[in-house]
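S.K.: One structure, as structure tokens, below. Some questions next.
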Amino acid sequence: ELDQELLENYLQRLLAPGVITKNKDWIEVWATMNIPVEKQDQVVAPLLEIGLGSESADTIADVLAELVKGHRCKIKAAEEAITTIFECGGDEQGFISKFLYHIFPKSPTSEWGWSRVGWSWQQWWSTAEKVLKALDPESAFECLRVVLTSIESESGVDLPHQPIWDPKRLGLVRAFLCTVSGLQEDELCAAIDVNLE
């Protein structure tokens, strides 16, 4: 059984300015905590809650992405913690959009992205849908809009011209945006600054 009070005190000390200066250092800190896989979400949730309320708030998405990429935190635990913390709320700090951007898969034609065997657009979209559905609809729309804009900006090419964004995938994204916004597909282009056609 996790000692919540001890855990929260520990996380508050770790998140104090100057204690952990590089996000990659969280991988080692996490390893020394010996967190059982089945309890990871119970540690990630307080990390997010305390972190997003701390002076380190702008780095928390980077920290969680490092833990996932460094094989210290399962993506399922991250999803569970995020959906718990943001349930029916907003994401004013842009945490979710930053996290989804950091774990976007590298494609054969891109110079950036997360390269891991088995991690693909389908897995990324599954995670994106789960965490975005935890938000209120307006926040989910805005969050996905920001992620798509960031991906397009980093790539320097419109999404439809990137091989990883085939017409079916663009259709899934358009459908999600329409569902959360109440817009029709032909109204989307006026509401977002990303090409999804």
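We name chains A, B, ... following the order of the structure tokens; residues begin at 1 in each chain, and ligands are numbered from 1 as shown.
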Could you go through range 25-149 of chain A and tell me which residues DSSP, when run on the backbone, assigns to strand (DSSP E or B), listing them as number ranges by chain?
M.R.: A: 89, 105, 114, 135
S.K.: Just checking: using only C-alpha atoms, which residue out of A:Ser54, A:Ser155, A:Gln42, A:Asn9 ends up closest to Ser110 in chain A?
M.R.: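 Under the stated criterion, the closest residue is A:Ser155.
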S.K.: Looking only at the backbone, which of the residues in range 96-171 of chain A does DSSP tag as alpha helix (DSSP H), as a PDB file with N, CA and C atoms, in the first residue's frame?
M.R.:
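Okay, this is what ended up in result_39.pdb:
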ATOM      1  N   ILE A  96      -1.721  18.612 -21.590  1.00  0.00           N
ATOM      2  CA  ILE A  96      -2.053  17.456 -22.429  1.00  0.00           C
ATOM      3  C   ILE A  96      -1.541  17.651 -23.855  1.00  0.00           C
ATOM      4  N   SER A  97      -1.699  18.846 -24.403  1.00  0.00           N
ATOM      5  CA  SER A  97      -1.213  19.066 -25.769  1.00  0.00           C
ATOM      6  C   SER A  97       0.304  18.903 -25.840  1.00  0.00           C
ATOM      7  N   LYS A  98       1.021  19.372 -24.828  1.00  0.00           N
ATOM      8  CA  LYS A  98       2.492  19.205 -24.804  1.00  0.00           C
ATOM      9  C   LYS A  98       2.857  17.729 -24.700  1.00  0.00           C
ATOM     10  N   PHE A  99       2.166  17.010 -23.809  1.00  0.00           N
ATOM     11  CA  PHE A  99       2.463  15.584 -23.632  1.00  0.00           C
ATOM     12  C   PHE A  99       2.215  14.814 -24.923  1.00  0.00           C
ATOM     13  N   LEU A 100       1.061  15.044 -25.555  1.00  0.00           N
ATOM     14  CA  LEU A 100       0.747  14.339 -26.807  1.00  0.00           C
ATOM     15  C   LEU A 100       1.740  14.690 -27.911  1.00  0.00           C
ATOM     16  N   TYR A 101       2.178  15.916 -27.931  1.00  0.00           N
ATOM     17  CA  TYR A 101       3.199  16.329 -28.910  1.00  0.00           C
ATOM     18  C   TYR A 101       4.508  15.562 -28.671  1.00  0.00           C
ATOM     19  N   HIS A 102       4.921  15.478 -27.407  1.00  0.00           N
ATOM     20  CA  HIS A 102       6.188  14.802 -27.071  1.00  0.00           C
ATOM     21  C   HIS A 102       6.185  13.310 -27.389  1.00  0.00           C
ATOM     22  N   TRP A 121       1.159   5.571 -35.104  1.00  0.00           N
ATOM     23  CA  TRP A 121       0.103   6.568 -35.099  1.00  0.00           C
ATOM     24  C   TRP A 121      -1.147   6.005 -34.414  1.00  0.00           C
ATOM     25  N   GLN A 122      -1.485   4.743 -34.659  1.00  0.00           N
ATOM     26  CA  GLN A 122      -2.688   4.146 -34.054  1.00  0.00           C
ATOM     27  C   GLN A 122      -2.611   4.162 -32.527  1.00  0.00           C
ATOM     28  N   GLN A 123      -1.446   3.781 -31.971  1.00  0.00           N
ATOM     29  CA  GLN A 123      -1.291   3.796 -30.509  1.00  0.00           C
ATOM     30  C   GLN A 123      -1.357   5.227 -29.983  1.00  0.00           C
ATOM     31  N   TRP A 124      -0.713   6.143 -30.719  1.00  0.00           N
ATOM     32  CA  TRP A 124      -0.742   7.545 -30.306  1.00  0.00           C
ATOM     33  C   TRP A 124      -2.178   8.068 -30.305  1.00  0.00           C
ATOM     34  N   TRP A 125      -2.930   7.795 -31.359  1.00  0.00           N
ATOM     35  CA  TRP A 125      -4.302   8.282 -31.454  1.00  0.00           C
ATOM     36  C   TRP A 125      -5.185   7.664 -30.372  1.00  0.00           C
ATOM     37  N   SER A 126      -4.951   6.399 -30.053  1.00  0.00           N
ATOM     38  CA  SER A 126      -5.702   5.746 -28.988  1.00  0.00           C
ATOM     39  C   SER A 126      -5.478   6.488 -27.662  1.00  0.00           C
ATOM     40  N   THR A 127      -4.232   6.800 -27.374  1.00  0.00           N
ATOM     41  CA  THR A 127      -3.904   7.562 -26.164  1.00  0.00           C
ATOM     42  C   THR A 127      -4.513   8.952 -26.231  1.00  0.00           C
ATOM     43  N   ALA A 128      -4.363   9.607 -27.374  1.00  0.00           N
ATOM     44  CA  ALA A 128      -4.903  10.961 -27.534  1.00  0.00           C
ATOM     45  C   ALA A 128      -6.407  10.978 -27.276  1.00  0.00           C
ATOM     46  N   GLU A 129      -7.127  10.044 -27.892  1.00  0.00           N
ATOM     47  CA  GLU A 129      -8.585   9.990 -27.703  1.00  0.00           C
ATOM     48  C   GLU A 129      -8.958   9.796 -26.235  1.00  0.00           C
ATOM     49  N   LYS A 130      -8.257   8.862 -25.566  1.00  0.00           N
ATOM     50  CA  LYS A 130      -8.577   8.585 -24.157  1.00  0.00           C
ATOM     51  C   LYS A 130      -8.410   9.829 -23.292  1.00  0.00           C
ATOM     52  N   VAL A 131      -7.277  10.509 -23.448  1.00  0.00           N
ATOM     53  CA  VAL A 131      -7.031  11.653 -22.562  1.00  0.00           C
ATOM     54  C   VAL A 131      -7.860  12.865 -22.968  1.00  0.00           C
ATOM     55  N   LEU A 132      -8.095  13.045 -24.260  1.00  0.00           N
ATOM     56  CA  LEU A 132      -8.901  14.189 -24.701  1.00  0.00           C
ATOM     57  C   LEU A 132     -10.361  14.029 -24.267  1.00  0.00           C
ATOM     58  N   LYS A 133     -10.868  12.805 -24.270  1.00  0.00           N
ATOM     59  CA  LYS A 133     -12.251  12.566 -23.854  1.00  0.00           C
ATOM     60  C   LYS A 133     -12.465  12.852 -22.367  1.00  0.00           C
ATOM     61  N   PRO A 137     -15.633  19.271 -23.627  1.00  0.00           N
ATOM     62  CA  PRO A 137     -15.527  19.308 -25.095  1.00  0.00           C
ATOM     63  C   PRO A 137     -14.748  20.495 -25.658  1.00  0.00           C
ATOM     64  N   GLU A 138     -14.981  21.676 -25.118  1.00  0.00           N
ATOM     65  CA  GLU A 138     -14.279  22.866 -25.625  1.00  0.00           C
ATOM     66  C   GLU A 138     -12.766  22.740 -25.422  1.00  0.00           C
ATOM     67  N   SER A 139     -12.369  22.240 -24.248  1.00  0.00           N
ATOM     68  CA  SER A 139     -10.941  22.056 -23.958  1.00  0.00           C
ATOM     69  C   SER A 139     -10.332  20.964 -24.830  1.00  0.00           C
ATOM     70  N   ALA A 140     -11.095  19.893 -25.062  1.00  0.00           N
ATOM     71  CA  ALA A 140     -10.605  18.807 -25.920  1.00  0.00           C
ATOM     72  C   ALA A 140     -10.341  19.326 -27.329  1.00  0.00           C
ATOM     73  N   PHE A 141     -11.252  20.130 -27.848  1.00  0.00           N
ATOM     74  CA  PHE A 141     -11.087  20.721 -29.174  1.00  0.00           C
ATOM     75  C   PHE A 141      -9.823  21.573 -29.223  1.00  0.00           C
ATOM     76  N   GLU A 142      -9.686  22.470 -28.255  1.00  0.00           N
ATOM     77  CA  GLU A 142      -8.540  23.384 -28.228  1.00  0.00           C
ATOM     78  C   GLU A 142      -7.230  22.622 -28.072  1.00  0.00           C
ATOM     79  N   CYS A 143      -7.228  21.632 -27.206  1.00  0.00           N
ATOM     80  CA  CYS A 143      -6.031  20.830 -26.968  1.00  0.00           C
ATOM     81  C   CYS A 143      -5.587  20.130 -28.254  1.00  0.00           C
ATOM     82  N   LEU A 144      -6.513  19.483 -28.944  1.00  0.00           N
ATOM     83  CA  LEU A 144      -6.159  18.781 -30.183  1.00  0.00           C
ATOM     84  C   LEU A 144      -5.737  19.774 -31.259  1.00  0.00           C
ATOM     85  N   ARG A 145      -6.390  20.922 -31.327  1.00  0.00           N
ATOM     86  CA  ARG A 145      -6.002  21.950 -32.288  1.00  0.00           C
ATOM     87  C   ARG A 145      -4.546  22.369 -32.065  1.00  0.00           C
ATOM     88  N   VAL A 146      -4.167  22.574 -30.801  1.00  0.00           N
ATOM     89  CA  VAL A 146      -2.804  22.984 -30.466  1.00  0.00           C
ATOM     90  C   VAL A 146      -1.797  21.880 -30.839  1.00  0.00           C
ATOM     91  N   VAL A 147      -2.132  20.626 -30.531  1.00  0.00           N
ATOM     92  CA  VAL A 147      -1.238  19.512 -30.862  1.00  0.00           C
ATOM     93  C   VAL A 147      -1.012  19.440 -32.376  1.00  0.00           C
ATOM     94  N   LEU A 148      -2.091  19.496 -33.134  1.00  0.00           N
ATOM     95  CA  LEU A 148      -1.987  19.402 -34.592  1.00  0.00           C
ATOM     96  C   LEU A 148      -1.171  20.561 -35.167  1.00  0.00           C
ATOM     97  N   THR A 149      -1.383  21.749 -34.628  1.00  0.00           N
ATOM     98  CA  THR A 149      -0.625  22.921 -35.071  1.00  0.00           C
ATOM     99  C   THR A 149       0.861  22.734 -34.766  1.00  0.00           C
ATOM    100  N   SER A 150       1.174  22.220 -33.578  1.00  0.00           N
ATOM    101  CA  SER A 150       2.570  21.983 -33.186  1.00  0.00           C
ATOM    102  C   SER A 150       3.231  20.943 -34.085  1.00  0.00           C
ATOM    103  N   ILE A 151       2.510  19.873 -34.388  1.00  0.00           N
ATOM    104  CA  ILE A 151       3.046  18.812 -35.242  1.00  0.00           C
ATOM    105  C   ILE A 151       3.312  19.358 -36.643  1.00  0.00           C
ATOM    106  N   GLU A 152       2.355  20.105 -37.171  1.00  0.00           N
ATOM    107  CA  GLU A 152       2.516  20.673 -38.508  1.00  0.00           C
ATOM    108  C   GLU A 152       3.675  21.669 -38.530  1.00  0.00           C
ATOM    109  N   SER A 153       3.768  22.490 -37.498  1.00  0.00           N
ATOM    110  CA  SER A 153       4.826  23.494 -37.412  1.00  0.00           C
ATOM    111  C   SER A 153       6.205  22.827 -37.322  1.00  0.00           C
ATOM    112  N   GLU A 154       6.326  21.801 -36.473  1.00  0.00           N
ATOM    113  CA  GLU A 154       7.609  21.094 -36.313  1.00  0.00           C
ATOM    114  C   GLU A 154       8.018  20.418 -37.614  1.00  0.00           C
ATOM    115  N   SER A 155       7.051  19.882 -38.326  1.00  0.00           N
ATOM    116  CA  SER A 155       7.335  19.166 -39.572  1.00  0.00           C
ATOM    117  C   SER A 155       7.612  20.105 -40.738  1.00  0.00           C
ATOM    118  N   PRO A 167      -5.459   9.704 -45.467  1.00  0.00           N
ATOM    119  CA  PRO A 167      -6.833  10.233 -45.441  1.00  0.00           C
ATOM    120  C   PRO A 167      -7.714   9.650 -44.337  1.00  0.00           C
ATOM    121  N   LYS A 168      -7.553   8.365 -44.025  1.00  0.00           N
ATOM    122  CA  LYS A 168      -8.362   7.748 -42.969  1.00  0.00           C
ATOM    123  C   LYS A 168      -8.051   8.390 -41.617  1.00  0.00           C
ATOM    124  N   ARG A 169      -6.773   8.608 -41.345  1.00  0.00           N
ATOM    125  CA  ARG A 169      -6.373   9.204 -40.065  1.00  0.00           C
ATOM    126  C   ARG A 169      -6.852  10.649 -39.968  1.00  0.00           C
ATOM    127  N   LEU A 170      -6.715  11.382 -41.051  1.00  0.00           N
ATOM    128  CA  LEU A 170      -7.220  12.755 -41.062  1.00  0.00           C
ATOM    129  C   LEU A 170      -8.729  12.764 -40.823  1.00  0.00           C
ATOM    130  N   GLY A 171      -9.424  11.763 -41.376  1.00  0.00           N
ATOM    131  CA  GLY A 171     -10.867  11.633 -41.176  1.00  0.00           C
ATOM    132  C   GLY A 171     -11.226  11.387 -39.723  1.00  0.00           C
TER     133      GLY A 171
END
S.K.: Could you tell me how far CA of Leu159 in chain A lies from CA of Val194 in chain A, in Å and to one decimal?
M.R.: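 Straight-line distance from CA of Leu159 in chain A to CA of Val194 in chain A works out to 7.7 Å.
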S.K.: Ranking A:Leu15, A:Ala191, A:Ala134, A:Val68 by minimum distance to Ile85 in chain A and counting only C-alpha atoms, which one comes first?
M.R.: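 Using only C-alpha atoms, Ile85 in chain A sits closest to A:Ala134.
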S.K.: Near Ile35 in chain A, counting only C-alpha atoms, which residues have an atom at most 10 Å away, once you skip same-chain residues fewer than 5 positions from it, shown as a PDB file with N, CA and C atoms, in the first residue's frame?
M.R.:
ATOM      1  N   LEU A   2       0.536   2.221  -0.857  1.00  0.00           N
ATOM      2  CA  LEU A   2       1.299   3.455  -0.939  1.00  0.00           C
ATOM      3  C   LEU A   2       0.968   4.379   0.220  1.00  0.00           C
ATOM      4  N   TRP A  30      12.809   8.009 -10.593  1.00  0.00           N
ATOM      5  CA  TRP A  30      11.678   7.078 -10.665  1.00  0.00           C
ATOM      6  C   TRP A  30      12.161   5.647 -10.420  1.00  0.00           C
ATOM      7  N   GLN A  40       1.684   2.399 -10.780  1.00  0.00           N
ATOM      8  CA  GLN A  40       2.276   3.579 -11.416  1.00  0.00           C
ATOM      9  C   GLN A  40       1.302   4.744 -11.533  1.00  0.00           C
ATOM     10  N   ASP A  41       0.051   4.457 -11.911  1.00  0.00           N
ATOM     11  CA  ASP A  41      -0.919   5.545 -12.069  1.00  0.00           C
ATOM     12  C   ASP A  41      -1.174   6.262 -10.744  1.00  0.00           C
ATOM     13  N   GLN A  42      -1.021   5.536  -9.617  1.00  0.00           N
ATOM     14  CA  GLN A  42      -1.233   6.124  -8.295  1.00  0.00           C
ATOM     15  C   GLN A  42      -0.091   7.045  -7.892  1.00  0.00           C
ATOM     16  N   VAL A  43       1.036   6.940  -8.594  1.00  0.00           N
ATOM     17  CA  VAL A  43       2.163   7.838  -8.347  1.00  0.00           C
ATOM     18  C   VAL A  43       2.167   8.958  -9.388  1.00  0.00           C
ATOM     19  N   ARG A  72       9.974   3.911 -17.850  1.00  0.00           N
ATOM     20  CA  ARG A  72       9.778   3.913 -16.399  1.00  0.00           C
ATOM     21  C   ARG A  72       8.303   3.959 -16.045  1.00  0.00           C
ATOM     22  N   CYS A  73       7.505   4.458 -16.967  1.00  0.00           N
ATOM     23  CA  CYS A  73       6.065   4.589 -16.738  1.00  0.00           C
ATOM     24  C   CYS A  73       5.344   4.053 -17.967  1.00  0.00           C
TER      25      CYS A  73
END
S.K.: Can you work out the spacing between CA of Gly18 in chain A and CA of Ser56 in chain A in Å, to one decimal?
M.R.: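 Result for CA of Gly18 in chain A versus CA of Ser56 in chain A: 9.7 Å, one decimal.
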S.K.: Check the smallest atom-to-atom distance from each of A:Trp114, A:Phe176, A:Trp165, A:Trp26 to Glu197 in chain A using only C-alpha atoms, then report the winner.
M.R.: A:Trp165
S.K.: Which residues come within 7 Å of Ile27 in chain A, counting only C-alpha atoms, excluding same-chain residues fewer than 4 positions away, as a ChimeraX atom specification?
M.R.: /A:31,66-67,70,72
S.K.: For the atom pair CA of Leu6 in chain A and CA of Ile50 in chain A, what is the interatomic distance in Å to one decimal place?
M.R.: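 Spanning CA of Leu6 in chain A to CA of Ile50 in chain A is a straight-line distance of 13.2 Å.
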